[in-house]
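Visitor: Just input_3.txt, nothing more (compact mmCIF, C-alpha atoms):
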# COMPACT_ATOMS: atom_id res chain seq x y z
CA MET A 145 28.44 59.98 -66.34
CA ASP A 146 26.82 63.43 -66.55
CA PHE A 147 23.35 64.09 -65.13
CA LEU A 148 21.07 66.41 -67.11
CA ARG A 149 18.05 67.79 -65.24
CA PRO A 150 15.76 69.90 -67.46
CA ALA A 151 13.00 71.92 -65.79
CA SER A 152 10.57 71.82 -68.73
CA TRP A 153 9.62 69.64 -71.68
CA GLU A 154 11.20 72.13 -74.07
CA GLU A 155 14.47 71.97 -72.14
CA ALA A 156 14.33 68.17 -72.22
CA LEU A 157 13.89 68.12 -75.99
CA ALA A 158 16.77 70.57 -76.41
CA ALA A 159 19.00 68.46 -74.18
CA LYS A 160 18.13 65.29 -76.10
CA ALA A 161 18.87 67.04 -79.39
CA GLU A 162 22.25 68.20 -78.09
CA HIS A 163 23.07 64.82 -76.52
CA PRO A 164 21.34 62.11 -78.63
CA THR A 165 22.97 59.31 -76.61
CA ALA A 166 21.47 60.59 -73.35
CA VAL A 167 19.34 57.92 -71.64
CA PRO A 168 16.02 59.23 -70.26
CA ILE A 169 15.27 58.34 -66.67
CA ALA A 170 11.99 58.93 -64.81
CA GLY A 171 11.01 55.97 -62.63
CA GLY A 172 14.41 54.42 -63.25
CA THR A 173 13.14 50.92 -62.53
CA ASP A 174 14.76 49.49 -65.68
CA VAL A 175 17.66 51.88 -66.25
CA MET A 176 19.09 51.70 -62.73
CA VAL A 177 19.10 47.89 -62.77
CA GLU A 178 21.19 47.92 -65.95
CA ILE A 179 23.56 50.52 -64.51
CA ASN A 180 23.91 48.74 -61.17
CA PHE A 181 24.82 45.49 -62.91
CA ASP A 182 27.19 47.37 -65.22
CA HIS A 183 25.23 46.25 -68.28
CA ARG A 184 24.98 49.86 -69.38
CA ARG A 185 27.16 52.88 -68.78
CA PRO A 186 25.64 55.88 -70.61
CA GLU A 187 27.58 59.09 -71.02
CA TYR A 188 24.51 61.13 -70.02
CA LEU A 189 21.40 60.49 -67.95
CA LEU A 190 18.43 62.72 -68.79
CA ASP A 191 16.28 63.13 -65.67
CA LEU A 192 12.62 63.82 -66.57
CA ASN A 193 11.19 63.91 -63.04
CA ARG A 194 10.75 67.69 -62.93
CA ILE A 195 8.37 67.64 -65.93
CA GLY A 196 4.91 67.44 -64.41
CA ASP A 197 3.08 66.92 -67.70
CA LEU A 198 4.55 63.44 -67.99
CA SER A 199 2.79 62.34 -64.80
CA GLU A 200 -0.68 63.53 -65.83
CA TRP A 201 -3.51 61.83 -67.69
CA GLU A 202 -6.60 63.06 -69.48
CA VAL A 203 -9.78 61.08 -70.08
CA GLY A 204 -11.50 62.18 -73.29
CA GLU A 205 -14.73 61.10 -74.93
CA LYS A 206 -13.14 58.12 -76.69
CA THR A 207 -9.50 58.00 -75.62
CA VAL A 208 -7.23 58.34 -72.63
CA ARG A 209 -4.03 60.34 -72.95
CA LEU A 210 -1.63 58.77 -70.49
CA GLY A 211 1.55 60.67 -69.65
CA ALA A 212 4.71 58.60 -70.06
CA SER A 213 5.53 58.77 -66.34
CA VAL A 214 2.08 58.12 -64.85
CA PRO A 215 2.87 55.49 -62.19
CA TYR A 216 1.31 52.04 -62.46
CA THR A 217 -0.34 52.62 -59.09
CA GLN A 218 -2.28 55.57 -60.52
CA ILE A 219 -3.44 53.47 -63.47
CA MET A 220 -4.67 50.77 -61.08
CA GLU A 221 -6.48 53.22 -58.82
CA ASN A 222 -7.90 55.73 -61.30
CA LEU A 223 -8.21 54.16 -64.77
CA ARG A 224 -9.51 50.67 -64.12
CA ALA A 225 -12.82 51.32 -65.92
CA GLU A 226 -11.27 53.05 -68.95
CA LEU A 227 -8.16 50.84 -69.30
CA PRO A 228 -8.98 47.51 -67.62
CA GLY A 229 -6.33 45.46 -69.43
CA LEU A 230 -3.54 47.87 -68.57
CA ALA A 231 -4.79 48.14 -64.97
CA LEU A 232 -4.63 44.35 -64.62
CA ALA A 233 -1.13 44.28 -66.10
CA SER A 234 -0.08 47.06 -63.72
CA HIS A 235 -1.02 44.86 -60.77
CA THR A 236 1.64 42.34 -61.82
CA VAL A 237 4.51 44.83 -62.03
CA ALA A 238 7.19 44.02 -59.46
CA SER A 239 6.39 45.47 -56.00
CA PRO A 240 4.33 48.36 -54.59
CA GLN A 241 7.47 50.52 -54.42
CA ILE A 242 8.24 49.98 -58.10
CA ARG A 243 4.59 50.41 -59.11
CA ASN A 244 4.71 53.80 -57.37
CA ARG A 245 7.69 54.85 -59.51
CA GLY A 246 7.54 53.02 -62.83
CA GLY A 247 5.39 54.03 -65.79
CA VAL A 248 4.40 52.85 -69.25
CA GLY A 249 6.90 55.19 -70.92
CA GLY A 250 9.75 53.28 -69.30
CA ASN A 251 8.45 49.94 -70.59
CA LEU A 252 8.15 51.40 -74.08
CA GLY A 253 11.56 53.04 -73.99
CA THR A 254 13.27 49.86 -72.83
CA ALA A 255 11.24 47.77 -75.30
CA SER A 256 12.04 44.54 -73.51
CA PRO A 257 9.83 41.72 -74.82
CA ALA A 258 9.11 40.85 -71.16
CA GLY A 259 7.72 44.28 -70.23
CA ASP A 260 4.40 43.81 -68.46
CA ALA A 261 2.60 46.71 -70.15
CA HIS A 262 3.22 45.60 -73.74
CA PRO A 263 0.53 42.88 -74.15
CA ALA A 264 -2.14 45.24 -72.81
CA LEU A 265 -0.98 48.09 -75.04
CA LEU A 266 -1.05 45.84 -78.12
CA ALA A 267 -4.49 44.48 -77.25
CA ALA A 268 -5.89 47.97 -76.71
CA GLY A 269 -4.48 49.28 -80.00
CA CYS A 270 -2.82 52.44 -78.71
CA GLU A 271 -0.59 55.09 -80.26
CA VAL A 272 2.67 56.39 -78.80
CA GLU A 273 3.16 60.16 -78.82
CA VAL A 274 6.83 61.05 -79.35
CA GLU A 275 8.47 64.40 -79.84
CA SER A 276 11.76 66.09 -80.68
CA VAL A 277 12.81 69.63 -81.47
CA ARG A 278 11.79 68.76 -85.05
CA GLY A 279 8.17 68.16 -84.09
CA ARG A 280 5.68 65.59 -82.82
CA ARG A 281 4.53 62.30 -84.33
CA MET A 282 2.22 59.45 -83.39
CA ILE A 283 3.50 55.88 -83.73
CA PRO A 284 0.91 53.05 -83.84
CA ILE A 285 1.83 50.43 -81.26
CA ASP A 286 1.98 47.78 -83.99
CA ASP A 287 4.89 49.70 -85.56
CA PHE A 288 6.72 50.56 -82.35
CA TYR A 289 8.70 47.38 -81.59
CA LEU A 290 11.57 46.77 -84.01
CA GLY A 291 13.65 44.07 -82.28
CA VAL A 292 14.99 42.90 -78.95
CA LYS A 293 15.05 46.08 -76.83
CA ARG A 294 14.75 48.20 -79.98
CA ASN A 295 11.96 50.64 -80.71
CA ALA A 296 10.97 53.11 -83.42
CA LEU A 297 12.28 56.23 -81.65
CA GLU A 298 14.78 58.43 -83.46
CA SER A 299 17.90 59.35 -81.48
CA ASP A 300 16.59 62.82 -80.63
CA GLU A 301 13.03 61.78 -79.70
CA LEU A 302 11.41 61.31 -76.31
CA ILE A 303 8.15 59.56 -75.39
CA ARG A 304 5.64 62.08 -74.10
CA ALA A 305 2.40 60.09 -73.78
CA VAL A 306 0.38 57.08 -74.86
CA HIS A 307 -3.08 57.47 -76.39
CA LEU A 308 -5.34 54.48 -75.67
CA PRO A 309 -8.94 53.92 -76.77
CA LYS A 310 -11.31 53.70 -73.84
CA ALA A 311 -12.40 50.10 -73.45
CA ASP A 312 -15.65 49.33 -75.26
CA GLY A 313 -15.62 45.72 -74.09
CA PRO A 314 -13.96 43.36 -71.60
CA GLN A 315 -10.16 43.09 -71.42
CA GLN A 316 -7.92 40.62 -69.61
CA PHE A 317 -4.27 40.04 -68.83
CA SER A 318 -2.43 36.96 -67.60
CA LYS A 319 1.21 36.39 -66.71
CA VAL A 320 3.31 33.36 -65.85
CA GLY A 321 6.26 33.91 -63.53
CA THR A 322 8.52 31.83 -61.32
CA ARG A 323 6.98 33.47 -58.24
CA ASN A 324 4.09 35.80 -57.38
CA ALA A 325 5.93 39.14 -57.18
CA MET A 326 9.17 40.87 -58.20
CA VAL A 327 9.47 38.60 -61.22
CA ILE A 328 10.17 38.96 -64.92
CA ALA A 329 7.48 37.27 -66.99
CA VAL A 330 8.18 33.81 -68.35
CA CYS A 331 5.39 34.75 -70.76
CA ALA A 332 2.27 36.91 -70.73
CA PHE A 333 -0.94 37.32 -72.70
CA GLY A 334 -3.44 40.14 -73.10
CA ILE A 335 -6.79 40.18 -74.89
CA ALA A 336 -9.37 42.87 -75.61
CA LEU A 337 -12.84 42.40 -77.08
CA HIS A 338 -14.01 45.35 -79.16
CA PRO A 339 -17.78 44.91 -79.62
CA GLU A 340 -18.23 48.25 -81.41
CA THR A 341 -16.07 47.07 -84.31
CA ARG A 342 -16.67 43.36 -83.63
CA THR A 343 -12.95 42.73 -83.53
CA VAL A 344 -10.51 41.07 -81.17
CA ARG A 345 -6.96 42.14 -80.37
CA THR A 346 -4.27 40.31 -78.45
CA GLY A 347 -0.78 40.87 -77.12
CA ILE A 348 1.93 38.35 -76.23
CA GLY A 349 4.92 39.13 -74.03
CA SER A 350 8.21 37.31 -73.42
CA ALA A 351 7.55 34.67 -76.08
CA ALA A 352 9.17 36.28 -79.15
CA PRO A 353 12.00 38.74 -79.87
CA THR A 354 9.46 41.56 -79.50
CA PRO A 355 5.98 41.85 -78.01
CA VAL A 356 3.65 40.50 -80.71
CA ARG A 357 0.00 40.04 -81.57
CA ALA A 358 -1.57 36.67 -82.40
CA ARG A 359 -3.12 37.97 -85.61
CA GLU A 360 -4.31 34.63 -86.99
CA ALA A 361 -5.97 33.86 -83.67
CA GLU A 362 -7.64 37.29 -83.68
CA ASP A 363 -8.96 36.88 -87.23
CA PHE A 364 -10.20 33.36 -86.53
CA LEU A 365 -12.06 34.35 -83.38
CA ALA A 366 -13.57 37.50 -84.89
CA ALA A 367 -14.86 35.45 -87.83
CA ALA A 368 -16.20 32.72 -85.55
CA LEU A 369 -18.04 35.23 -83.37
CA GLU A 370 -19.51 36.99 -86.39
CA GLU A 371 -20.54 33.94 -88.36
CA GLY A 372 -22.01 32.23 -85.31
CA GLY A 373 -24.03 35.29 -84.29
CA PHE A 374 -22.36 35.29 -80.86
CA TRP A 375 -22.15 39.08 -80.59
CA GLU A 376 -25.97 39.25 -80.78
CA SER A 377 -26.85 36.10 -78.86
CA GLY A 378 -24.20 36.21 -76.16
CA ALA A 379 -24.20 32.41 -76.26
CA PRO A 380 -21.27 30.49 -74.75
CA ILE A 381 -18.30 30.04 -77.07
CA PRO A 382 -17.97 26.37 -78.13
CA PRO A 383 -14.93 24.55 -76.70
CA SER A 384 -13.73 23.81 -80.24
CA VAL A 385 -13.51 27.53 -81.01
CA ALA A 386 -11.66 28.26 -77.76
CA LYS A 387 -9.26 25.40 -78.44
CA GLN A 388 -8.49 26.60 -81.97
CA PHE A 389 -7.99 30.16 -80.72
CA ALA A 390 -5.51 28.89 -78.12
CA GLN A 391 -3.60 26.83 -80.69
CA LEU A 392 -3.31 29.79 -83.05
CA ALA A 393 -2.15 32.04 -80.21
CA SER A 394 0.50 29.50 -79.28
CA GLY A 395 1.58 29.36 -82.91
CA ALA A 396 2.21 33.11 -82.94
CA CYS A 397 5.08 32.66 -80.47
CA ASN A 398 8.75 32.49 -81.41
CA PRO A 399 10.31 31.93 -77.98
CA ILE A 400 13.74 30.95 -76.74
CA ASP A 401 15.04 28.64 -74.02
CA ASP A 402 16.46 30.58 -71.09
CA VAL A 403 16.80 30.37 -67.31
CA ARG A 404 13.15 31.33 -66.79
CA GLY A 405 11.61 28.69 -69.06
CA SER A 406 11.91 26.61 -72.20
CA ALA A 407 10.53 27.57 -75.59
CA LYS A 408 8.22 24.56 -75.47
CA TYR A 409 6.83 25.58 -72.11
CA ARG A 410 6.28 29.18 -73.24
CA ARG A 411 4.26 28.07 -76.28
CA HIS A 412 2.18 25.77 -74.11
CA ALA A 413 1.60 28.42 -71.44
CA VAL A 414 0.57 31.07 -73.96
CA GLY A 415 -2.05 28.67 -75.34
CA ILE A 416 -3.40 28.03 -71.85
CA MET A 417 -3.52 31.76 -71.04
CA ALA A 418 -5.22 32.52 -74.37
CA ARG A 419 -7.98 30.00 -73.69
CA ARG A 420 -8.51 31.13 -70.11
CA THR A 421 -8.50 34.86 -70.81
CA LEU A 422 -10.91 34.33 -73.70
CA GLY A 423 -13.24 32.53 -71.31
CA TRP A 424 -13.01 35.33 -68.73
CA THR A 425 -13.58 38.13 -71.23
CA TRP A 426 -16.48 36.37 -72.93
CA GLU A 427 -18.21 35.61 -69.66
CA SER A 428 -17.84 39.28 -68.75
CA PHE A 429 -19.30 40.28 -72.13
CA ARG A 430 -22.23 37.91 -71.66
CA GLY A 431 -22.85 39.30 -68.17
CA ASN A 432 -22.86 42.86 -69.48
CA GLU A 433 -25.28 41.90 -72.25
CA ARG A 434 -27.66 40.25 -69.79
CA SER A 435 -27.50 43.30 -67.52
CA ALA A 436 -28.28 45.59 -70.44
CA GLN A 437 -31.28 43.47 -71.44
CA CYS A 438 -32.67 43.55 -67.89
CA ALA A 439 -32.20 47.31 -67.47
Let me see the structure of the file written as structure tokens.
Guide:
Amino acid sequence: MDFLRPASWEEALAAKAEHPTAVPIAGGTDVMVEINFDHRRPEYLLDLNRIGDLSEWEVGEKTVRLGASVPYTQIMENLRAELPGLALASHTVASPQIRNRGGVGGNLGTASPAGDAHPALLAAGCEVEVESVRGRRMIPIDDFYLGVKRNALESDELIRAVHLPKADGPQQFSKVGTRNAMVIAVCAFGIALHPETRTVRTGIGSAAPTPVRAREAEDFLAAALEEGGFWESGAPIPPSVAKQFAQLASGACNPIDDVRGSAKYRRHAVGIMARRTLGWTWESFRGNERSAQCA
């Protein structure tokens, strides 16, 4: 196994073009596990740790540009207001040591359906910035996941950054695991309310071959909030609406039975998480509305 260590982004792109099978490594929290268990034996490892741009972020007027290697700890500590859903998801990643090393780019590159960042990225509606020696392109997150551990990257492309809209409403994330830390998700759920567009987005992890959105649940809830005048009134959401939203979210799953949980349990748990996170986000929205009226 050869180790490639470019000193700049341009050198990294050139190395990836010359060695398309090279596996990028930055935090290494996914790649090294596969290598240690002999599940993967790449011919080349492409070390990206010398490229400082990948560990930087920029907060713009409407979006946050998050470098692919920005550690989860930095997201938790510095971007909680702008990216609340992703910050909450970052809290659930493994251990402090891994949160200090791992980043969103690694989750995206691995494209495991159980990656903790994916539900929050789907709910936020981000774009993935990828680049090769041929040029740069932006991939909407909805088009990024192609199958189990398969993504939309071409063989010569690398992930440079993720562009996320700054939160314009409450966001939440919930995860079920077999213990409280250092655990792969049995299933996970993310939700984001977008009051400016009066829309709702969701993300489901570890309950389908890829991370997915509960689109029917989103459309139902957005219509219910609009038709009932809830955006204006801030009234409590009726239990019947929350129940239907949860059932539709559960129906969006296509899980398997494995050592972490059964398909039946995953569907049930996603429905529970959908109902609870909806309640948390809506209460937060109502609280913000009341604060604005009193100001």
Visitor: Give me, as a PyMOL selection string, all polymer residues having an atom no more than 9 Å from Ser234 of chain A, counting all atoms listed in the file and skipping those fewer than 5 positions away in the same chain.
Guide: chain A and resi 216-217+219-220+229+243+260-261
Visitor: Tell me, as a list in words, which residues lie within 8 Å of Trp426 of chain A, counting only C-alpha atoms; anything in the same chain fewer than 3 positions away does not count.
Guide: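 The neighbour list is Pro314, Pro380, Ile381, Leu422, Gly423, Phe429 and Arg430 of chain A.
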Visitor: Go ahead and write the selection's residues with C-alpha atoms as a compact mmCIF listing (two decimals), in the coordinates of the input.
Guide:
# COMPACT_ATOMS: atom_id res chain seq x y z
CA PRO A 314 -13.96 43.36 -71.60
CA PRO A 380 -21.27 30.49 -74.75
CA ILE A 381 -18.30 30.04 -77.07
CA LEU A 422 -10.91 34.33 -73.70
CA GLY A 423 -13.24 32.53 -71.31
CA PHE A 429 -19.30 40.28 -72.13
CA ARG A 430 -22.23 37.91 -71.66
Visitor: Between atom CA of Ser350 of chain A and atom CA of Pro164 of chain A, measure the distance and give it in Å to one decimal.
Guide: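 Atom-to-atom, atom CA of Ser350 of chain A and atom CA of Pro164 of chain A are spaced 28.5 Å apart.
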Visitor: Just want the 10 Å neighbourhood of segment 176-190 of chain A, counted on all atoms listed in the file, with same-chain residues fewer than 6 positions away dropped. Output as a PyMOL selection string.
Guide: chain A and resi 145-150+156+159-160+163-170
Visitor: Have a look at A:Ala151, A:Leu198, A:Ile285, A:Val330 and name the one nearest to Ser318 of chain A; count all atoms listed in the file.
Guide: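 Using all atoms listed in the file, Ser318 of chain A sits closest to A:Val330.
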Visitor: Near Ala325 of chain A, counting only C-alpha atoms, which residues have an atom at most 10 Å away, once you skip same-chain residues fewer than 5 positions from it, shown as a CSV table (one decimal) with C-alpha atoms, in the frame of the given file?
Guide:
chain,number,residue,atom,x,y,z
A,235,HIS,CA,-1.0,44.9,-60.8
A,236,THR,CA,1.6,42.3,-61.8
A,237,VAL,CA,4.5,44.8,-62.0
A,238,ALA,CA,7.2,44.0,-59.5
A,239,SER,CA,6.4,45.5,-56.0
A,240,PRO,CA,4.3,48.4,-54.6
Visitor: Report as a ChimeraX atom specification all protein, DNA and RNA residues lying within 9 Å of segment 246-256 of chain A, evaluated on only C-alpha atoms, omitting residues in the same chain fewer than 5 positions from it.
Guide: /A:168-175,199,210-217,237,241,261-262,272,288-295,297,302-306,349-350,353-355
Visitor: Got time to write the residues from that selection, C-alpha atoms, as a compact mmCIF listing (two decimals), in the frame of the given file?
Guide:
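Result went into part.txt, see below:
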# COMPACT_ATOMS: atom_id res chain seq x y z
CA PRO A 168 16.02 59.23 -70.26
CA ILE A 169 15.27 58.34 -66.67
CA ALA A 170 11.99 58.93 -64.81
CA GLY A 171 11.01 55.97 -62.63
CA GLY A 172 14.41 54.42 -63.25
CA THR A 173 13.14 50.92 -62.53
CA ASP A 174 14.76 49.49 -65.68
CA VAL A 175 17.66 51.88 -66.25
CA SER A 199 2.79 62.34 -64.80
CA LEU A 210 -1.63 58.77 -70.49
CA GLY A 211 1.55 60.67 -69.65
CA ALA A 212 4.71 58.60 -70.06
CA SER A 213 5.53 58.77 -66.34
CA VAL A 214 2.08 58.12 -64.85
CA PRO A 215 2.87 55.49 -62.19
CA TYR A 216 1.31 52.04 -62.46
CA THR A 217 -0.34 52.62 -59.09
CA VAL A 237 4.51 44.83 -62.03
CA GLN A 241 7.47 50.52 -54.42
CA ALA A 261 2.60 46.71 -70.15
CA HIS A 262 3.22 45.60 -73.74
CA VAL A 272 2.67 56.39 -78.80
CA PHE A 288 6.72 50.56 -82.35
CA TYR A 289 8.70 47.38 -81.59
CA LEU A 290 11.57 46.77 -84.01
CA GLY A 291 13.65 44.07 -82.28
CA VAL A 292 14.99 42.90 -78.95
CA LYS A 293 15.05 46.08 -76.83
CA ARG A 294 14.75 48.20 -79.98
CA ASN A 295 11.96 50.64 -80.71
CA LEU A 297 12.28 56.23 -81.65
CA LEU A 302 11.41 61.31 -76.31
CA ILE A 303 8.15 59.56 -75.39
CA ARG A 304 5.64 62.08 -74.10
CA ALA A 305 2.40 60.09 -73.78
CA VAL A 306 0.38 57.08 -74.86
CA GLY A 349 4.92 39.13 -74.03
CA SER A 350 8.21 37.31 -73.42
CA PRO A 353 12.00 38.74 -79.87
CA THR A 354 9.46 41.56 -79.50
CA PRO A 355 5.98 41.85 -78.01
Visitor: Rank A:Asn398, A:Val274, A:Glu371, A:Asn244 by their smallest atom-to-atom distance to Glu221 of chain A, using only C-alpha atoms, and report the top residue only.
Guide: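 Of A:Asn398, A:Val274, A:Glu371, A:Asn244, the one nearest Glu221 of chain A, counting only C-alpha atoms, is A:Asn244.
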Visitor: Under the rule that all atoms listed in the file are counted, which of A:Gly279, A:Pro284, A:Pro257, A:Gly313 is the nearest residue to Leu227 of chain A?
Guide: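 Checking each candidate against Leu227 of chain A, we get A:Gly313 as the closest.
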Visitor: Could you jot down the atom CA of Ile328 of chain A to atom CA of Ala386 of chain A separation for me, Å, one decimal place?
Guide: 27.5 Å
Visitor: What is the distance, in Å and to one decimal place, between atom CA of Ala267 of chain A and atom CA of Ala336 of chain A?
Guide: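 Here the two named atoms are 5.4 Å from each other.
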Visitor: Restricting the calculation to all atoms listed in the file, which member of A:Ala268, A:Val320, A:Ala413, A:Ala225 is positioned closest to Arg345 of chain A?
Guide: A:Ala268
Visitor: Restricting the calculation to only C-alpha atoms, which member of A:Arg209, A:Arg323, A:Glu162, A:Ala296 is positioned closest to Arg404 of chain A?
Guide: A:Arg323
Visitor: Pick the closest to Asp401 of chain A from A:Ala161, A:Leu223, A:Leu266, A:Cys331: which is it, counting all atoms listed in the file?
Guide: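 Among the listed residues, A:Cys331 lies closest to Asp401 of chain A.
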